[in-house]
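So the structure is just underneath, and the comments pick up after that.
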Amino acid sequence: MQQPMMHLSFAKTLLAAAILVTAVGCAKTEAKLGRGMRNVTEVVRWGEMQRSIEQTALFDSPDMAYTTGVIRGFNKTMARTGIGIYEVVTAPFPPYDPVFTHYLPEHPVGPDSSRGQMLADPMVGPDTYLGFSGGDIAPLIPGSRFRIFDF
């Protein structure tokens, strides 16, 4: 009776060791997974869309901003989201360097007219314990910005 239980615990130990060996201490895997997760959320963030509309208005024509800029921004948003899905799925496997960087920069972008600050929340806000903090009330709605300490 003891023999099968010993094999089962040995198999569990081997499985745990295999998981630890493949998943722990891989800095490049962590970087690739983090980059992939950032890129997957581009479809919610719309930074590529905002930047494309802005850059088209500045360098081509303001008349083209909401036509060509929107199409260009949508294409780049979908490309970044697809690259993010690829990087999340293939995070444990090499190559770990960013892919497709001739079309998109490594890090997500936004319009040059915005500084792109972090939202104020209790996790990163230094003024949480004072009882107030600044931040975006509704970041997707233009004009809803409320900042107490905006330097």
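Residue names in the structure tokens use chain letters A, B, ... in the order shown, residue numbers from 1 in each chain, and ligand numbers from 1 in the order shown.
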When DSSP works through the backbone of this structure, what residues of range 43-100 of chain A end up as helix (DSSP H, G or I), shown as a PyMOL selection string?
chain A and resi 43-45+47-59+62-64+68-89
Could you list, as a PyMOL selection string, every residue within 12 Å of Glu30 in chain A, counting only C-alpha atoms and ignoring same-chain residues fewer than 6 positions away?
chain A and resi 23-24+36-37+87-88+90-93+96-97
Could you save the residues just selected, with C-alpha atoms, as a CSV table (one decimal), in the first residue's frame?
chain,number,residue,atom,x,y,z
A,23,ALA,CA,10.0,29.6,-14.3
A,24,VAL,CA,12.2,31.1,-11.6
A,36,GLY,CA,3.6,41.7,-24.0
A,37,MET,CA,1.1,42.7,-21.3
A,87,GLU,CA,4.9,38.0,-26.7
A,88,VAL,CA,2.6,36.8,-23.8
A,90,THR,CA,5.8,32.9,-26.3
A,91,ALA,CA,7.3,34.6,-23.1
A,92,PRO,CA,9.0,31.4,-21.8
A,93,PHE,CA,10.7,30.8,-25.1
A,96,TYR,CA,13.5,37.6,-25.8
A,97,ASP,CA,14.2,40.8,-27.7
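CA of Gln50 in chain A lies 14.5 Å from CA of Leu104 in chain A.
Counting only C-alpha atoms, the residue from A:Val99, A:Cys26, A:Val109, A:Leu15 that sits nearest to Ser52 in chain A is A:Val109.
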Out of A:Ile71, A:Thr29, A:Asp63, A:Thr56, which residue has the shortest atom-to-atom distance to Pro111 in chain A when counting only C-alpha atoms?
A:Thr56
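Going from CA of Phe74 in chain A to CA of Met49 in chain A covers 6.0 Å.
Rounded to one decimal, CA of Thr81 in chain A and CA of Arg38 in chain A lie 8.8 Å from each other.
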Excluding Thr101 in chain A and its own-chain neighbours fewer than 6 positions away, which residues fall within 12 Å of it when counting only C-alpha atoms? Please give them as a list in words.
Lys76, Ala79, Arg80, Ile83, His107 and Pro108 of chain A
